[in-house]
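Below is the file target.csv, which contains CSV, C-alpha atoms.
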```csv
chain,number,residue,atom,x,y,z
A,1,MET,CA,111.7,150.0,244.4
A,2,ALA,CA,111.8,151.9,241.2
A,3,HIS,CA,113.3,155.4,241.2
A,4,ARG,CA,111.3,158.1,239.5
A,5,TYR,CA,112.7,161.3,238.0
A,6,HIS,CA,110.5,163.9,236.4
A,7,LEU,CA,111.5,166.4,233.7
A,8,THR,CA,109.9,168.7,231.0
A,9,VAL,CA,111.1,168.7,227.4
A,10,ARG,CA,112.8,172.1,226.7
A,11,SER,CA,113.1,174.0,223.4
A,12,THR,CA,116.8,173.2,223.3
A,13,ASP,CA,116.0,169.5,223.2
A,14,ILE,CA,114.2,169.7,219.9
A,15,ASP,CA,115.8,168.9,216.5
A,16,VAL,CA,115.0,170.1,213.0
A,17,ILE,CA,112.3,167.5,212.7
A,18,GLY,CA,110.4,169.1,215.6
A,19,HIS,CA,110.8,166.3,218.2
A,20,VAL,CA,113.4,165.5,220.8
A,21,ASN,CA,116.8,164.6,219.4
A,22,ASN,CA,117.8,161.0,220.0
A,23,ALA,CA,120.9,162.1,222.0
A,24,LYS,CA,118.6,163.9,224.5
A,25,TYR,CA,116.9,160.7,225.5
A,26,LEU,CA,120.3,159.5,226.7
A,27,GLU,CA,120.8,162.8,228.5
A,28,TYR,CA,117.4,162.4,230.3
A,29,MET,CA,118.5,158.9,231.4
A,30,GLU,CA,121.8,160.3,232.6
A,31,TRP,CA,120.1,163.0,234.8
A,32,ALA,CA,117.9,160.2,236.3
A,33,ARG,CA,121.0,158.0,236.9
A,34,PHE,CA,122.8,160.8,238.7
A,35,GLU,CA,119.8,161.5,241.0
A,36,TRP,CA,119.3,157.7,241.6
A,37,ILE,CA,123.0,157.1,242.6
A,38,TRP,CA,123.1,160.3,244.7
A,39,GLU,CA,120.0,159.0,246.6
A,40,GLN,CA,122.1,155.8,247.4
A,41,GLY,CA,124.6,158.1,249.2
A,42,PHE,CA,127.1,158.4,246.4
A,43,THR,CA,127.2,162.2,245.8
A,44,LEU,CA,130.0,163.8,243.8
A,45,ASP,CA,131.7,164.7,247.1
A,46,GLU,CA,131.5,161.2,248.3
A,47,LEU,CA,132.8,159.7,245.1
A,48,ARG,CA,135.7,162.2,245.2
A,49,ARG,CA,136.4,161.3,248.8
A,50,ARG,CA,136.6,157.6,248.0
A,51,ALA,CA,138.4,158.3,244.7
A,52,ILE,CA,136.0,156.1,242.7
A,53,MET,CA,133.7,156.7,239.7
A,54,PRO,CA,130.8,154.8,238.3
A,55,VAL,CA,131.2,154.7,234.5
A,56,VAL,CA,128.8,153.6,231.7
A,57,VAL,CA,130.4,150.8,229.6
A,58,ASN,CA,127.4,149.8,227.6
A,59,ILE,CA,123.9,151.2,226.7
A,60,ASN,CA,121.3,149.4,224.6
A,61,ILE,CA,118.5,151.8,223.9
A,62,ASN,CA,115.1,151.4,222.1
A,63,TYR,CA,113.4,154.5,220.8
A,64,ARG,CA,109.7,153.8,220.8
A,65,LYS,CA,107.8,157.1,220.5
A,66,GLU,CA,108.7,160.7,219.8
A,67,LEU,CA,108.6,163.4,222.4
A,68,LYS,CA,107.8,167.0,221.7
A,69,MET,CA,108.4,170.4,223.4
A,70,ARG,CA,106.9,170.9,226.8
A,71,GLU,CA,106.0,167.3,227.3
A,72,GLU,CA,106.3,166.0,230.8
A,73,VAL,CA,108.5,162.9,231.0
A,74,THR,CA,109.1,160.4,233.8
A,75,ALA,CA,112.3,158.4,233.9
A,76,ILE,CA,112.1,155.2,235.9
A,77,THR,CA,115.3,153.4,237.0
A,78,THR,CA,115.3,149.8,238.2
A,79,VAL,CA,118.1,147.3,239.0
A,80,VAL,CA,118.5,144.4,236.6
A,81,LYS,CA,121.7,142.7,237.6
A,82,VAL,CA,124.5,143.1,240.2
A,83,GLY,CA,128.0,141.8,239.8
A,84,GLU,CA,131.3,142.1,241.7
A,85,LYS,CA,132.5,145.2,239.8
A,86,SER,CA,129.5,146.1,237.7
A,87,PHE,CA,125.8,146.4,237.7
A,88,VAL,CA,123.0,146.8,235.1
A,89,ILE,CA,120.0,149.1,235.4
A,90,ARG,CA,117.0,149.5,233.2
A,91,GLN,CA,115.8,153.0,232.5
A,92,GLU,CA,112.5,153.7,231.0
A,93,LEU,CA,111.1,157.0,229.8
A,94,TYR,CA,107.3,157.6,229.9
A,95,ASN,CA,105.3,160.5,228.6
A,96,ALA,CA,102.5,162.1,230.6
A,97,SER,CA,100.0,159.6,229.1
A,98,GLU,CA,102.2,156.9,230.7
A,99,VAL,CA,103.2,155.6,227.2
A,100,LEU,CA,106.7,154.1,227.1
A,101,VAL,CA,108.8,156.3,224.8
A,102,ALA,CA,112.3,154.8,225.2
A,103,ASP,CA,114.0,152.2,227.3
A,104,ALA,CA,117.6,151.2,227.8
A,105,ASP,CA,119.7,148.7,229.7
A,106,VAL,CA,122.8,150.5,231.1
A,107,THR,CA,125.8,148.6,232.3
A,108,MET,CA,128.0,150.5,234.8
A,109,VAL,CA,131.4,149.6,236.2
A,110,MET,CA,133.0,151.1,239.3
A,111,ILE,CA,136.6,152.3,238.6
A,112,ASP,CA,139.4,153.7,240.7
A,113,ALA,CA,139.7,157.4,239.9
A,114,SER,CA,143.5,157.3,239.9
A,115,THR,CA,144.3,154.0,238.0
A,116,ARG,CA,141.1,154.1,235.9
A,117,GLN,CA,140.9,150.3,236.5
A,118,SER,CA,137.7,148.5,237.5
A,119,ILE,CA,137.3,147.8,241.2
A,120,SER,CA,134.8,146.0,243.4
A,121,LEU,CA,131.6,147.8,244.1
A,122,PRO,CA,131.5,149.6,247.5
A,123,VAL,CA,129.8,147.3,250.0
A,124,GLU,CA,127.1,149.9,250.7
A,125,LEU,CA,126.3,150.4,247.0
A,126,LYS,CA,126.2,146.6,246.4
A,127,GLU,CA,123.9,146.1,249.3
A,128,ALA,CA,121.6,148.9,248.1
A,129,LEU,CA,121.6,147.4,244.6
A,130,LEU,CA,120.8,143.9,245.9
A,131,VAL,CA,117.9,145.2,247.9
A,132,GLU,CA,116.5,146.8,244.7
A,133,LEU,CA,117.0,143.7,242.6
A,134,PRO,CA,113.7,142.0,241.8
A,135,LYS,CA,113.4,138.6,243.4
A,136,SER,CA,113.0,135.7,240.9
```
Written as structure tokens, that's how I'd like the structure from this file.
Amino acid sequence: MAHRYHLTVRSTDIDVIGHVNNAKYLEYMEWARFEWIWEQGFTLDELRRRAIMPVVVNININYRKELKMREEVTAITTVVKVGEKSFVIRQELYNASEVLVADADVTMVMIDASTRQSISLPVELKEALLVELPKS
């Protein structure tokens, strides 16, 4: 099931051209990712307790339409692929007219907070991801 996160474009998101700066699209996706992973039970406190961290290792983004101040945006996050130490999610941003304005595939790896080395995904997270993975 896709995760939905809603936000409104703020004045500080706008660049000199008068639309949302390209880096802000990534920030919107980051906010949605944090909400999504927290809903899986992996809050900051839980990540610290386990001494693990999910880190982004790759993002491929497509900018499709501009966003302007005060526009309502919905970020939709879905699972694309689940590996042993990593997973890929797709994030899509839609405006209030439900037009796709940007999409990205984001690869994340779980690392040990002390060694900074990749580790296996926690069983609970892997199971939650697999449940969300579309059946082919």
Tell me, in Å to one decimal, how far atom CA of Leu125 of chain A is from atom CA of Ile59 of chain A.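 A separation of 20.5 Å between them.
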Counting all atoms listed in the file, the option among A:Arg70, A:Arg33, A:Arg90, A:Arg50 closest to Leu7 of chain A: A:Arg70
Find the residues near Pro54 of chain A: any atom within 8 Å, counting all atoms listed in the file, skip ones fewer than 5 places away on the same chain, and give them as a ChimeraX atom specification. /A:108-111
At a cut-off of 12 Å from (138.6, 150.4, 241.7) in the coordinates of the file, what residues are picked up using all atoms listed in the file, written as an mmCIF file with C-alpha atoms, in the frame of the given file?
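The result, written out as out_25.cif:
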```cif
data_model
loop_
_atom_site.group_PDB
_atom_site.id
_atom_site.type_symbol
_atom_site.label_atom_id
_atom_site.label_comp_id
_atom_site.auth_asym_id
_atom_site.auth_seq_id
_atom_site.Cartn_x
_atom_site.Cartn_y
_atom_site.Cartn_z
ATOM 1 C CA LEU A 47 132.800 159.700 245.100
ATOM 2 C CA ARG A 50 136.600 157.600 248.000
ATOM 3 C CA ALA A 51 138.400 158.300 244.700
ATOM 4 C CA ILE A 52 136.000 156.100 242.700
ATOM 5 C CA MET A 53 133.700 156.700 239.700
ATOM 6 C CA PRO A 54 130.800 154.800 238.300
ATOM 7 C CA VAL A 55 131.200 154.700 234.500
ATOM 8 C CA GLU A 84 131.300 142.100 241.700
ATOM 9 C CA LYS A 85 132.500 145.200 239.800
ATOM 10 C CA SER A 86 129.500 146.100 237.700
ATOM 11 C CA VAL A 109 131.400 149.600 236.200
ATOM 12 C CA MET A 110 133.000 151.100 239.300
ATOM 13 C CA ILE A 111 136.600 152.300 238.600
ATOM 14 C CA ASP A 112 139.400 153.700 240.700
ATOM 15 C CA ALA A 113 139.700 157.400 239.900
ATOM 16 C CA SER A 114 143.500 157.300 239.900
ATOM 17 C CA THR A 115 144.300 154.000 238.000
ATOM 18 C CA ARG A 116 141.100 154.100 235.900
ATOM 19 C CA GLN A 117 140.900 150.300 236.500
ATOM 20 C CA SER A 118 137.700 148.500 237.500
ATOM 21 C CA ILE A 119 137.300 147.800 241.200
ATOM 22 C CA SER A 120 134.800 146.000 243.400
ATOM 23 C CA LEU A 121 131.600 147.800 244.100
ATOM 24 C CA PRO A 122 131.500 149.600 247.500
#
```
In Å and to one decimal, atom CA of Tyr63 of chain A is distant from atom CA of Ser11 of chain A by 19.7 Å
Keeping N, CA and C atoms, write segment 33-53 of chain A of the structure just shown out as a PDB file, in the first residue's frame.
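Listed below is the output, part-v3.pdb:
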```
ATOM      1  N   ARG A  33       9.978  10.179   3.194  1.00  0.00           N
ATOM      2  CA  ARG A  33      10.701   8.950   3.567  1.00  0.00           C
ATOM      3  C   ARG A  33      10.774   8.787   5.070  1.00  0.00           C
ATOM      4  N   PHE A  34      11.078   9.885   5.788  1.00  0.00           N
ATOM      5  CA  PHE A  34      11.153   9.799   7.242  1.00  0.00           C
ATOM      6  C   PHE A  34       9.814   9.400   7.833  1.00  0.00           C
ATOM      7  N   GLU A  35       8.737  10.005   7.387  1.00  0.00           N
ATOM      8  CA  GLU A  35       7.399   9.636   7.873  1.00  0.00           C
ATOM      9  C   GLU A  35       7.113   8.171   7.595  1.00  0.00           C
ATOM     10  N   TRP A  36       7.441   7.750   6.385  1.00  0.00           N
ATOM     11  CA  TRP A  36       7.170   6.380   5.953  1.00  0.00           C
ATOM     12  C   TRP A  36       7.935   5.378   6.815  1.00  0.00           C
ATOM     13  N   ILE A  37       9.233   5.610   7.019  1.00  0.00           N
ATOM     14  CA  ILE A  37      10.020   4.644   7.792  1.00  0.00           C
ATOM     15  C   ILE A  37       9.625   4.674   9.274  1.00  0.00           C
ATOM     16  N   TRP A  38       9.232   5.850   9.778  1.00  0.00           N
ATOM     17  CA  TRP A  38       8.759   5.933  11.161  1.00  0.00           C
ATOM     18  C   TRP A  38       7.491   5.117  11.335  1.00  0.00           C
ATOM     19  N   GLU A  39       6.629   5.144  10.333  1.00  0.00           N
ATOM     20  CA  GLU A  39       5.391   4.355  10.409  1.00  0.00           C
ATOM     21  C   GLU A  39       5.672   2.860  10.376  1.00  0.00           C
ATOM     22  N   GLN A  40       6.875   2.476   9.932  1.00  0.00           N
ATOM     23  CA  GLN A  40       7.271   1.066   9.960  1.00  0.00           C
ATOM     24  C   GLN A  40       7.820   0.691  11.341  1.00  0.00           C
ATOM     25  N   GLY A  41       7.865   1.665  12.263  1.00  0.00           N
ATOM     26  CA  GLY A  41       8.344   1.406  13.617  1.00  0.00           C
ATOM     27  C   GLY A  41       9.791   1.808  13.845  1.00  0.00           C
ATOM     28  N   PHE A  42      10.418   2.392  12.843  1.00  0.00           N
ATOM     29  CA  PHE A  42      11.823   2.752  12.955  1.00  0.00           C
ATOM     30  C   PHE A  42      11.974   4.255  13.170  1.00  0.00           C
ATOM     31  N   THR A  43      11.579   4.684  14.370  1.00  0.00           N
ATOM     32  CA  THR A  43      11.715   6.081  14.773  1.00  0.00           C
ATOM     33  C   THR A  43      13.197   6.369  15.032  1.00  0.00           C
ATOM     34  N   LEU A  44      13.527   7.629  15.234  1.00  0.00           N
ATOM     35  CA  LEU A  44      14.914   7.971  15.554  1.00  0.00           C
ATOM     36  C   LEU A  44      15.370   7.277  16.831  1.00  0.00           C
ATOM     37  N   ASP A  45      14.494   7.237  17.827  1.00  0.00           N
ATOM     38  CA  ASP A  45      14.850   6.553  19.074  1.00  0.00           C
ATOM     39  C   ASP A  45      15.119   5.069  18.833  1.00  0.00           C
ATOM     40  N   GLU A  46      14.293   4.444  18.024  1.00  0.00           N
ATOM     41  CA  GLU A  46      14.466   3.013  17.741  1.00  0.00           C
ATOM     42  C   GLU A  46      15.744   2.768  16.944  1.00  0.00           C
ATOM     43  N   LEU A  47      16.029   3.622  15.986  1.00  0.00           N
ATOM     44  CA  LEU A  47      17.270   3.478  15.214  1.00  0.00           C
ATOM     45  C   LEU A  47      18.489   3.646  16.123  1.00  0.00           C
ATOM     46  N   ARG A  48      18.430   4.619  17.013  1.00  0.00           N
ATOM     47  CA  ARG A  48      19.541   4.821  17.965  1.00  0.00           C
ATOM     48  C   ARG A  48      19.687   3.620  18.899  1.00  0.00           C
ATOM     49  N   ARG A  49      18.553   3.110  19.368  1.00  0.00           N
ATOM     50  CA  ARG A  49      18.593   1.957  20.271  1.00  0.00           C
ATOM     51  C   ARG A  49      19.279   0.766  19.607  1.00  0.00           C
ATOM     52  N   ARG A  50      18.990   0.576  18.333  1.00  0.00           N
ATOM     53  CA  ARG A  50      19.584  -0.538  17.587  1.00  0.00           C
ATOM     54  C   ARG A  50      20.960  -0.197  17.025  1.00  0.00           C
ATOM     55  N   ALA A  51      21.337   1.075  17.088  1.00  0.00           N
ATOM     56  CA  ALA A  51      22.617   1.550  16.535  1.00  0.00           C
ATOM     57  C   ALA A  51      22.723   1.244  15.037  1.00  0.00           C
ATOM     58  N   ILE A  52      21.630   1.546  14.330  1.00  0.00           N
ATOM     59  CA  ILE A  52      21.601   1.363  12.879  1.00  0.00           C
ATOM     60  C   ILE A  52      21.065   2.641  12.230  1.00  0.00           C
ATOM     61  N   MET A  53      21.346   2.780  10.929  1.00  0.00           N
ATOM     62  CA  MET A  53      20.854   3.940  10.191  1.00  0.00           C
ATOM     63  C   MET A  53      20.562   3.548   8.748  1.00  0.00           C
TER      64      MET A  53
END
```
